[in-house]
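Next comes work_3.cif, a file with mmCIF, C-alpha atoms and all ligand atoms.
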data_upload
#
loop_
_atom_site.label_atom_id
_atom_site.label_comp_id
_atom_site.auth_asym_id
_atom_site.auth_seq_id
_atom_site.Cartn_x
_atom_site.Cartn_y
_atom_site.Cartn_z
CA MET A 5 76.53 111.21 144.35
CA ASP A 6 78.54 107.99 144.39
CA THR A 7 81.07 107.98 141.53
CA THR A 8 79.93 104.62 140.24
CA ILE A 9 76.33 105.77 140.12
CA GLN A 10 77.46 108.88 138.37
CA LEU A 11 79.22 106.76 135.78
CA VAL A 12 76.14 104.65 135.19
CA LYS A 13 74.07 107.80 134.83
CA MET A 14 76.63 109.08 132.33
CA ALA A 15 76.37 105.78 130.53
CA THR A 16 72.71 106.35 129.86
CA GLU A 17 73.12 109.98 128.91
CA ARG A 18 76.38 110.09 126.99
CA SER A 19 78.06 107.86 124.49
CA PRO A 20 80.43 105.09 125.67
CA GLU A 21 83.20 106.69 123.58
CA GLU A 22 83.13 109.61 126.03
CA ILE A 23 83.07 107.45 129.14
CA VAL A 24 85.35 104.50 128.53
CA PRO A 25 88.62 106.42 128.94
CA PHE A 26 87.63 107.18 132.57
CA LEU A 27 86.60 103.67 133.57
CA PRO A 28 88.91 101.47 135.65
CA ASP A 29 89.63 98.08 133.99
CA VAL A 30 87.62 96.06 136.47
CA PHE A 31 84.59 98.25 135.97
CA GLN A 32 84.90 98.02 132.20
CA LYS A 33 85.03 94.24 132.40
CA ARG A 34 81.78 94.05 134.35
CA ILE A 35 79.96 96.46 132.08
CA ARG A 36 81.23 94.50 129.11
CA GLN A 37 79.89 91.24 130.52
CA ASP A 38 76.51 92.66 131.51
CA ALA A 39 76.13 94.59 128.30
CA MET A 40 76.79 91.43 126.31
CA ASP A 41 74.22 89.56 128.43
CA ALA A 42 71.64 92.35 128.22
CA ASP A 43 68.34 91.28 126.83
CA PRO A 44 65.88 93.97 125.74
CA ALA A 45 62.95 91.67 126.54
CA ASN A 46 64.20 90.95 130.04
CA PRO A 47 64.57 94.01 132.26
CA LYS A 48 65.85 91.87 135.13
CA ARG A 49 69.22 91.65 133.47
CA VAL A 50 69.14 95.39 133.39
CA PHE A 51 68.37 95.57 137.09
CA HIS A 52 71.42 93.42 137.55
CA MET A 53 73.41 95.99 135.60
CA GLY A 54 72.31 98.55 138.16
CA SER A 55 72.97 96.39 141.20
CA TRP A 56 76.68 95.90 140.61
CA ALA A 57 77.07 99.61 140.07
CA GLY A 58 76.39 100.13 143.74
CA THR A 59 72.72 101.06 143.60
CA THR A 60 70.11 99.88 146.07
CA ASP A 61 66.41 99.14 145.82
CA GLU A 62 65.69 102.69 146.85
CA ASP A 63 67.94 104.10 144.21
CA PRO A 64 66.00 105.98 141.53
CA PHE A 65 68.05 104.39 138.73
CA VAL A 66 66.88 100.90 139.56
CA LYS A 67 63.30 101.86 138.87
CA GLU A 68 64.15 103.35 135.52
CA THR A 69 64.44 100.01 133.86
CA ARG A 70 63.75 101.38 130.41
CA THR A 71 66.59 103.84 130.63
CA PHE A 72 68.87 101.16 131.95
CA ASN A 73 67.79 98.84 129.21
CA GLU A 74 68.65 101.42 126.60
CA GLY A 75 71.94 102.07 128.34
CA ALA A 76 72.81 98.38 128.29
CA LEU A 77 72.07 98.15 124.59
CA ILE A 78 74.20 101.18 123.82
CA TRP A 79 77.08 99.55 125.67
CA LYS A 80 76.45 96.29 123.87
CA SER A 81 76.72 97.86 120.44
CA PHE A 82 79.80 99.79 121.59
CA PHE A 83 81.63 96.65 122.70
CA GLU A 84 80.56 94.75 119.61
CA ARG A 85 81.99 97.54 117.46
CA GLU A 86 85.13 97.62 119.56
CA ASN A 87 85.78 93.98 118.73
CA MET A 88 85.37 94.54 115.00
CA LYS A 89 88.31 94.76 112.65
CA THR A 90 88.98 98.08 110.95
CA VAL A 91 88.67 98.90 107.27
CA ILE A 92 90.13 102.15 105.93
CA VAL A 93 88.74 103.17 102.53
CA PHE A 94 90.64 105.90 100.74
CA SER A 95 88.79 107.17 97.67
CA GLY A 96 89.06 109.60 94.78
CA ALA A 97 87.06 110.90 91.84
CA GLY A 98 86.88 107.46 90.14
CA LEU A 99 84.63 106.18 92.93
CA SER A 100 81.91 108.66 91.93
CA ALA A 101 82.33 108.34 88.15
CA ASP A 102 79.65 105.65 87.78
CA SER A 103 77.16 107.96 89.49
CA GLY A 104 77.59 110.44 86.65
CA ILE A 105 80.26 112.72 88.14
CA PRO A 106 83.18 112.65 85.71
CA THR A 107 86.75 112.71 87.01
CA PHE A 108 88.74 115.78 85.98
CA ARG A 109 91.04 113.66 83.84
CA ASP A 110 88.21 111.79 82.12
CA SER A 111 86.60 115.08 81.16
CA GLY A 112 89.81 115.83 79.25
CA GLY A 113 91.05 118.06 82.08
CA LEU A 114 89.26 120.95 80.35
CA TRP A 115 86.27 123.09 81.24
CA GLU A 116 85.05 125.77 78.81
CA ASN A 117 88.54 125.63 77.28
CA HIS A 118 90.24 126.31 80.62
CA ASN A 119 92.45 123.74 82.28
CA VAL A 120 90.57 122.51 85.31
CA GLU A 121 93.73 123.10 87.35
CA ASP A 122 93.56 126.76 86.33
CA VAL A 123 90.04 127.28 87.70
CA ALA A 124 90.32 125.05 90.75
CA GLU A 125 93.44 126.72 92.11
CA HIS A 126 94.03 129.30 94.81
CA GLU A 127 95.40 131.99 92.49
CA ALA A 128 92.48 131.62 90.05
CA TRP A 129 90.17 132.99 92.75
CA PHE A 130 92.06 136.26 92.93
CA ARG A 131 92.34 136.44 89.13
CA ASP A 132 88.68 135.90 88.31
CA LYS A 133 86.20 135.10 91.09
CA GLU A 134 83.22 135.04 88.78
CA LEU A 135 84.81 132.36 86.58
CA VAL A 136 85.63 130.17 89.59
CA LEU A 137 82.12 130.60 91.00
CA ARG A 138 80.59 129.66 87.63
CA PHE A 139 82.73 126.50 87.55
CA TYR A 140 81.53 125.54 91.03
CA GLU A 141 77.93 126.43 90.24
CA GLN A 142 78.10 123.81 87.49
CA ARG A 143 79.72 121.30 89.85
CA PHE A 144 77.00 121.99 92.46
CA ASN A 145 74.17 121.60 89.95
CA GLY A 146 75.78 118.54 88.38
CA TYR A 147 76.24 116.74 91.70
CA LYS A 148 72.86 117.72 93.15
CA ASP A 149 70.75 114.90 91.74
CA CYS A 150 73.42 112.18 91.58
CA LYS A 151 72.70 109.03 93.51
CA PRO A 152 75.08 106.48 95.03
CA HIS A 153 75.76 103.39 92.89
CA LEU A 154 76.14 99.74 93.90
CA GLY A 155 79.78 100.29 94.85
CA HIS A 156 78.92 103.02 97.40
CA GLU A 157 76.14 100.81 98.76
CA ALA A 158 78.51 97.86 99.07
CA LEU A 159 80.95 100.02 101.06
CA ALA A 160 78.11 100.99 103.41
CA ARG A 161 77.35 97.29 103.88
CA LEU A 162 80.86 96.73 105.25
CA GLU A 163 79.73 98.41 108.48
CA GLN A 164 77.70 95.33 109.39
CA LYS A 165 80.95 93.52 110.02
CA PHE A 166 83.75 96.10 110.33
CA LYS A 167 84.60 99.46 111.83
CA VAL A 168 84.91 101.53 108.66
CA VAL A 169 86.60 104.90 108.21
CA HIS A 170 86.34 106.68 104.85
CA ILE A 171 89.00 109.17 103.88
CA THR A 172 87.89 110.71 100.62
CA GLN A 173 89.21 113.30 98.21
CA ASN A 174 85.70 113.67 96.79
CA ILE A 175 83.62 116.71 97.56
CA ASP A 176 80.28 115.02 96.80
CA ASP A 177 78.27 113.29 99.53
CA LEU A 178 77.51 109.99 97.79
CA LEU A 179 79.15 107.91 100.53
CA GLU A 180 76.97 109.57 103.18
CA GLN A 181 73.90 109.16 100.97
CA ALA A 182 74.67 105.43 100.71
CA GLY A 183 74.71 105.21 104.53
CA CYS A 184 78.44 105.33 105.35
CA SER A 185 78.70 106.80 108.82
CA ASP A 186 82.31 107.99 109.18
CA VAL A 187 83.43 110.02 106.16
CA ARG A 188 86.36 112.48 106.30
CA HIS A 189 86.52 114.88 103.35
CA LEU A 190 90.13 115.86 102.72
CA HIS A 191 89.20 118.34 99.98
CA GLY A 192 86.06 119.79 101.58
CA ARG A 193 82.42 119.43 100.60
CA ILE A 194 80.44 120.88 97.71
CA ARG A 195 77.47 121.48 100.03
CA SER A 196 79.40 123.83 102.26
CA LYS A 197 80.57 127.42 101.73
CA LYS A 198 83.03 129.59 103.60
CA CYS A 199 84.45 133.10 103.72
CA GLU A 200 87.32 133.79 101.29
CA TRP A 201 89.41 134.76 104.36
CA HIS A 202 88.62 131.57 106.30
CA LYS A 203 91.30 130.39 108.72
CA ASP A 204 91.07 126.86 107.28
CA ILE A 205 92.71 128.13 104.10
CA THR A 206 96.41 127.45 104.36
CA THR A 207 98.26 128.67 101.33
CA LEU A 208 101.61 127.21 100.57
CA ASP A 209 103.30 130.57 101.17
CA GLY A 210 101.80 130.78 104.68
CA ASP A 211 99.84 133.99 104.03
CA ARG A 212 98.31 135.31 107.28
CA LYS A 213 95.30 137.15 105.89
CA PHE A 214 93.10 134.10 106.53
CA VAL A 215 91.58 134.62 109.96
CA CYS A 216 87.77 134.55 109.62
CA ASP A 217 85.77 131.55 110.87
CA PHE A 218 82.50 131.83 108.93
CA LYS A 219 81.16 128.68 107.24
CA ALA A 220 77.61 127.66 106.34
CA GLU A 221 75.74 124.91 104.52
CA MET A 222 75.38 125.68 100.82
CA ILE A 223 71.76 125.40 99.67
CA GLU A 224 72.25 127.33 96.43
CA PRO A 225 75.50 127.96 94.54
CA VAL A 226 77.47 130.98 95.83
CA LYS A 227 77.04 134.15 93.75
CA LEU A 228 79.45 137.04 93.29
CA GLY A 229 78.39 139.67 95.83
CA GLU A 230 77.31 137.15 98.49
CA LEU A 231 79.33 138.46 101.40
CA CYS A 232 80.49 136.97 104.68
CA PRO A 233 78.22 138.24 107.50
CA LYS A 234 81.24 138.41 109.83
CA CYS A 235 83.89 140.27 107.86
CA GLY A 236 82.39 141.26 104.51
CA GLY A 237 84.66 138.94 102.47
CA GLN A 238 83.25 137.24 99.35
CA MET A 239 81.84 133.77 100.09
CA ARG A 240 83.39 130.82 98.23
CA PRO A 241 82.93 127.03 98.08
CA ASP A 242 84.34 125.17 101.08
CA VAL A 243 86.71 123.05 99.02
CA VAL A 244 90.48 122.75 98.92
CA TRP A 245 91.99 124.12 95.71
CA PHE A 246 95.32 123.39 94.10
CA ASN A 247 98.02 125.39 95.94
CA GLU A 248 96.07 125.24 99.20
CA ALA A 249 97.15 122.79 101.89
CA VAL A 250 95.05 119.73 102.68
CA GLY A 251 94.40 120.77 106.27
CA ASN A 252 92.22 118.10 107.77
CA LEU A 253 94.55 115.12 107.57
CA ASN A 254 95.24 114.19 111.18
CA TYR A 255 98.60 112.37 111.21
CA ASP A 256 98.28 111.06 114.78
CA GLU A 257 94.92 109.54 113.98
CA MET A 258 96.36 108.09 110.76
CA LYS A 259 99.20 106.45 112.66
CA ASP A 260 96.69 104.87 115.05
CA TRP A 261 94.59 103.53 112.17
CA CYS A 262 97.67 102.20 110.44
CA LYS A 263 98.76 100.34 113.58
CA GLU A 264 95.23 99.04 114.05
CA VAL A 265 94.88 97.64 110.50
CA LYS A 266 98.44 96.34 110.48
CA TYR A 267 98.41 94.49 113.81
CA ASN A 268 94.73 93.65 114.08
CA ASP A 269 94.26 92.02 110.70
CA GLY A 270 92.48 95.04 109.20
CA ILE A 271 92.00 96.06 105.59
CA PHE A 272 93.00 99.05 103.45
CA ILE A 273 91.15 99.82 100.22
CA CYS A 274 92.24 102.54 97.80
CA ALA A 275 89.42 103.17 95.32
CA GLY A 276 89.21 105.35 92.21
CA THR A 277 92.23 107.56 92.57
CA SER A 278 95.19 107.84 90.25
CA VAL A 279 97.75 107.60 93.09
CA GLN A 280 99.92 110.11 91.23
CA VAL A 281 98.76 113.07 93.27
CA TYR A 282 99.29 113.98 96.92
CA PRO A 283 97.98 112.67 99.26
CA ALA A 284 96.92 109.54 97.32
CA GLY A 285 100.50 108.36 96.70
CA TYR A 286 101.37 109.07 100.30
CA MET A 287 98.41 107.05 101.63
CA VAL A 288 99.24 104.07 99.48
CA SER A 289 102.82 103.91 100.76
CA PHE A 290 101.73 104.67 104.33
CA PHE A 291 99.46 101.61 104.41
CA SER A 292 101.76 99.39 102.34
CA GLN A 293 102.76 97.26 105.36
CA VAL A 294 99.17 96.16 105.86
CA LYS A 295 98.57 92.55 104.80
CA ASN A 296 95.08 92.88 103.30
CA LYS A 297 95.20 95.79 100.89
CA PHE A 298 93.59 96.55 97.56
CA ILE A 299 93.76 99.09 94.76
CA VAL A 300 90.41 99.29 92.98
CA ASP A 301 90.49 101.32 89.77
CA ARG A 302 89.56 101.24 86.12
CA LYS A 303 93.30 101.33 85.39
CA PRO A 304 95.05 100.24 88.59
CA GLN A 305 98.79 100.74 88.89
CA LYS A 306 101.04 98.09 90.33
CA ILE A 307 102.33 99.31 93.69
CA ALA A 308 104.18 97.16 96.24
CA ASP A 309 102.19 93.97 96.90
CA TYR A 310 98.75 95.56 96.68
CA GLU A 311 96.11 93.30 95.16
CA LEU A 312 94.87 95.07 92.04
CA ILE A 313 91.18 95.00 91.18
CA GLU A 314 90.54 96.33 87.72
CA GLY A 315 87.18 97.68 86.51
CA ASN A 316 84.40 100.13 87.23
CA ALA A 317 83.80 100.80 90.91
CA SER A 318 80.07 100.02 90.68
CA GLU A 319 80.92 96.48 89.47
CA THR A 320 84.13 95.62 91.31
CA LEU A 321 83.34 96.95 94.80
CA PRO A 322 80.23 94.78 95.38
CA VAL A 323 82.30 91.69 94.51
CA LEU A 324 85.17 92.73 96.79
CA VAL A 325 82.79 93.54 99.65
CA ASP A 326 81.02 90.16 99.31
CA ARG A 327 84.42 88.51 99.55
CA LEU A 328 85.39 90.49 102.67
CA MET A 329 82.05 89.83 104.34
CA SER A 330 82.12 86.07 103.81
N1 LIG W 401 83.23 113.38 92.75
C1 LIG W 401 84.00 114.38 93.16
O1 LIG W 401 83.83 114.90 94.26
C2 LIG W 401 85.13 114.88 92.27
C3 LIG W 401 85.10 114.67 90.87
C4 LIG W 401 86.17 115.17 90.10
C5 LIG W 401 87.24 115.78 90.75
N2 LIG W 401 87.21 115.94 92.09
C6 LIG W 401 88.37 116.58 92.78
O2 LIG W 401 89.49 116.73 91.97
C7 LIG W 401 90.63 115.96 92.42
C8 LIG W 401 91.39 115.40 91.25
O3 LIG W 401 90.49 114.64 90.46
P1 LIG W 401 90.96 113.67 89.29
O4 LIG W 401 89.83 113.41 88.40
O5 LIG W 401 92.24 114.21 88.74
O6 LIG W 401 91.24 112.37 90.16
P2 LIG W 401 92.26 111.21 89.94
O7 LIG W 401 92.97 111.32 88.66
O8 LIG W 401 93.00 111.03 91.19
O9 LIG W 401 91.21 109.96 89.87
C9 LIG W 401 90.73 109.36 88.79
C10 LIG W 401 91.01 107.87 88.92
O10 LIG W 401 89.76 107.18 88.86
C11 LIG W 401 89.87 106.09 87.94
N3 LIG W 401 88.51 105.86 87.42
C12 LIG W 401 87.83 106.57 86.51
N4 LIG W 401 86.59 106.07 86.34
C13 LIG W 401 86.47 105.01 87.18
C14 LIG W 401 85.43 104.09 87.48
N5 LIG W 401 84.24 104.16 86.89
N6 LIG W 401 85.66 103.13 88.41
C15 LIG W 401 86.87 103.04 89.03
N7 LIG W 401 87.90 103.89 88.79
C16 LIG W 401 87.69 104.86 87.87
C17 LIG W 401 90.89 106.51 86.92
O11 LIG W 401 91.50 105.38 86.32
C18 LIG W 401 91.88 107.31 87.80
O12 LIG W 401 92.86 106.47 88.35
C19 LIG W 401 90.00 114.93 93.31
O13 LIG W 401 90.90 114.47 94.23
C20 LIG W 401 88.82 115.68 93.89
O14 LIG W 401 89.17 116.46 94.99
C21 LIG W 401 86.18 115.50 92.85
ZN ZN W 402 84.57 136.35 106.83
#

Any chance you could give the structure as structure tokens?
Amino acid sequence: MDTTIQLVKMATERSPEEIVPFLPDVFQKRIRQDAMDADPANPKRVFHMGSWAGTTDEDPFVKETRTFNEGALIWKSFFERENMKTVIVFSGAGLSADSGIPTFRDSGGLWENHNVEDVAEHEAWFRDKELVLRFYEQRFNGYKDCKPHLGHEALARLEQKFKVVHITQNIDDLLEQAGCSDVRHLHGRIRSKKCEWHKDITTLDGDRKFVCDFKAEMIEPVKLGELCPKCGGQMRPDVVWFNEAVGNLNYDEMKDWCKEVKYNDGIFICAGTSVQVYPAGYMVSFFSQVKNKFIVDRKPQKIADYELIEGNASETLPVLVDRLMS
């Protein structure tokens, strides 16, 4: 099959993100133009999209106007998104506080008279698995019925105008519930469980016992005795504990985002995190050369020339988002 036809076929079957890297410039330009002109009510435009791609009247693609139409619209939304500016939102426990999930610090840093750091740390697991599982059972049950607040919803609204990437330290899924589409969880997710010997676990001493690859969605809290079907290890929550490395921070991707927001008039928002802990402090200095940047917190700390927005996330974020959207 002709390569161009193949590409058009791919365009209707795969996402533009997968295809664009293979397209020559001139081809991209024409698709861009036709996609922008595409009119769902007028299939002729869509026929036109087929004709430049080297098809003929006999070509089966030309007759599939509906498929072409859909293809054109997919391209259109892709190019519209491509032209959008980028917003990076980095968030911590304070973002979820107004939904009824207390931050560790606000809860006095204590749980059943234990320091939270002592139950949410790598070594605690090997000291007392039942205690750690009980702590996470309470987290799971406490988070289960929480709903996003106006601040989460405002952040979701940003996607009407910007490409938005969320990098969050939170293990809840309130951003996803609010409709945010790209959320990276640095510290894992409360609704996921993994084997205690999972290869994602990188301890600071580089222990090599962690080789299993079993993970599953968590419907009910993990119980002691629930074993990994692959290796027989005890299952545990799929979260990153103190003294375990934050594995899923992709530095190359971060550099690209930083360049994008810095040179393309993008925005960086740091919301509800104390900035004293890694990687929060690191992120704030990493994005400090960006022009439009904000720290949103109940008690924001002055850092470089960040604009500080003081108050509860459910009240301050809707105001900030309205400002950015206008
Ligand atoms: N929702 C969750 O998933 C959740 C909740 C607690 C802890 N954790 C985990 O524990 C780690 C450490 O937690 P931590 O509590 O020490 O975080 P932290 O100290 O980094 O964050 C708390 C920050 O939120 C601010 N804050 C509190 N209430 C706020 C509100 N209503 N609006 C805006 N800002 C508010 C505080 O001033 C503080 O700066 C987190 O990074 C996370 O992985 C997760
Ligand atoms: Zn296993």

Please check which protein, DNA or RNA residues sit within 6 Å of ligand LIG 401 (chain W), counting all atoms listed in the file, and write them as a list in words.
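Those residues are Gly96, Ala97, Gly98, Leu99, Ser100, Ala101, Asp102, Ile105, Pro106, Thr107, Phe108, Arg109, Gln173, Asn174, Ile175, Asp176, His191, Gly276, Thr277, Ser278, Asp301, Arg302, Lys303, Gly315, Asn316 and Ala317 of chain A.
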
Export, as a compact mmCIF listing (two decimals), in the coordinates of the input, the selected residues with C-alpha atoms.
# COMPACT_ATOMS: atom_id res chain seq x y z
CA GLY A 96 89.06 109.60 94.78
CA ALA A 97 87.06 110.90 91.84
CA GLY A 98 86.88 107.46 90.14
CA LEU A 99 84.63 106.18 92.93
CA SER A 100 81.91 108.66 91.93
CA ALA A 101 82.33 108.34 88.15
CA ASP A 102 79.65 105.65 87.78
CA ILE A 105 80.26 112.72 88.14
CA PRO A 106 83.18 112.65 85.71
CA THR A 107 86.75 112.71 87.01
CA PHE A 108 88.74 115.78 85.98
CA ARG A 109 91.04 113.66 83.84
CA GLN A 173 89.21 113.30 98.21
CA ASN A 174 85.70 113.67 96.79
CA ILE A 175 83.62 116.71 97.56
CA ASP A 176 80.28 115.02 96.80
CA HIS A 191 89.20 118.34 99.98
CA GLY A 276 89.21 105.35 92.21
CA THR A 277 92.23 107.56 92.57
CA SER A 278 95.19 107.84 90.25
CA ASP A 301 90.49 101.32 89.77
CA ARG A 302 89.56 101.24 86.12
CA LYS A 303 93.30 101.33 85.39
CA GLY A 315 87.18 97.68 86.51
CA ASN A 316 84.40 100.13 87.23
CA ALA A 317 83.80 100.80 90.91

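Rounded to one decimal, atom CA of Gly192 of chain A and atom CA of Val244 of chain A lie 5.9 Å from each other.
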
One residue among A:Leu190, A:Leu135, A:Met239, A:Ile92 is nearest to ligand ZN 402 (chain W) when using only C-alpha atoms and all ligand atoms, and that residue is A:Met239

Could the residues of chain A that have an atom at most 12 Å from ligand ZN 402 (chain W) be listed as a tab-separated table, each with its closest atom pair and the distance in Å to one decimal, counting only C-alpha atoms and all ligand atoms and ordered by chain and ascending residue number?
residue	atom	partner	partner_atom	distance
A:Lys197	CA	W:ZN402	ZN	11.0
A:Lys198	CA	W:ZN402	ZN	7.6
A:Cys199	CA	W:ZN402	ZN	4.5
A:Glu200	CA	W:ZN402	ZN	6.7
A:Trp201	CA	W:ZN402	ZN	5.7
A:His202	CA	W:ZN402	ZN	6.3
A:Lys203	CA	W:ZN402	ZN	9.2
A:Asp204	CA	W:ZN402	ZN	11.5
A:Ile205	CA	W:ZN402	ZN	11.9
A:Lys213	CA	W:ZN402	ZN	10.8
A:Phe214	CA	W:ZN402	ZN	8.8
A:Val215	CA	W:ZN402	ZN	7.9
A:Cys216	CA	W:ZN402	ZN	4.6
A:Asp217	CA	W:ZN402	ZN	6.4
A:Phe218	CA	W:ZN402	ZN	5.4
A:Lys219	CA	W:ZN402	ZN	8.4
A:Ala220	CA	W:ZN402	ZN	11.1
A:Glu230	CA	W:ZN402	ZN	11.1
A:Leu231	CA	W:ZN402	ZN	7.8
A:Cys232	CA	W:ZN402	ZN	4.7
A:Pro233	CA	W:ZN402	ZN	6.7
A:Lys234	CA	W:ZN402	ZN	4.9
A:Cys235	CA	W:ZN402	ZN	4.1
A:Gly236	CA	W:ZN402	ZN	5.9
A:Gly237	CA	W:ZN402	ZN	5.1
A:Gln238	CA	W:ZN402	ZN	7.6
A:Met239	CA	W:ZN402	ZN	7.7
A:Arg240	CA	W:ZN402	ZN	10.3

I need every residue sitting at most 9 Å from the point (83.5, 95.2, 102.3) (coordinates as in the file, all atoms listed in the file considered), written as a PyMOL selection string.
chain A and resi 91+158-163+165-166+321-329

Please compute the atom CA of Val123 of chain A-atom CA of His153 of chain A distance, one decimal, in Å.
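Separating atom CA of Val123 of chain A from atom CA of His153 of chain A is a distance of 28.3 Å.
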
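Note that atom CA of Gly104 of chain A and atom CA of Thr320 of chain A are 16.9 Å apart.
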
Taking (99.1, 126.7, 97.5) in the file's own coordinates, collect the residues within 12 Å, counting all atoms listed in the file, and hand them back as a count of residues only.
21

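Considering the residues A:Asn119, A:Ser95, A:Ser103, A:Gln32 and counting all atoms listed in the file, Lys148 of chain A has its shortest atom-to-atom contact with A:Ser103.
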
Among A:Glu116, A:Gln37, A:Glu86, A:Ile194, Glu141 of chain A is approached most closely, using all atoms listed in the file, by A:Ile194

Counting all atoms listed in the file, figure out which residue out of A:Val169, A:Leu312, A:Val24, A:Leu179 gets nearest to Lys151 of chain A.
A:Leu179
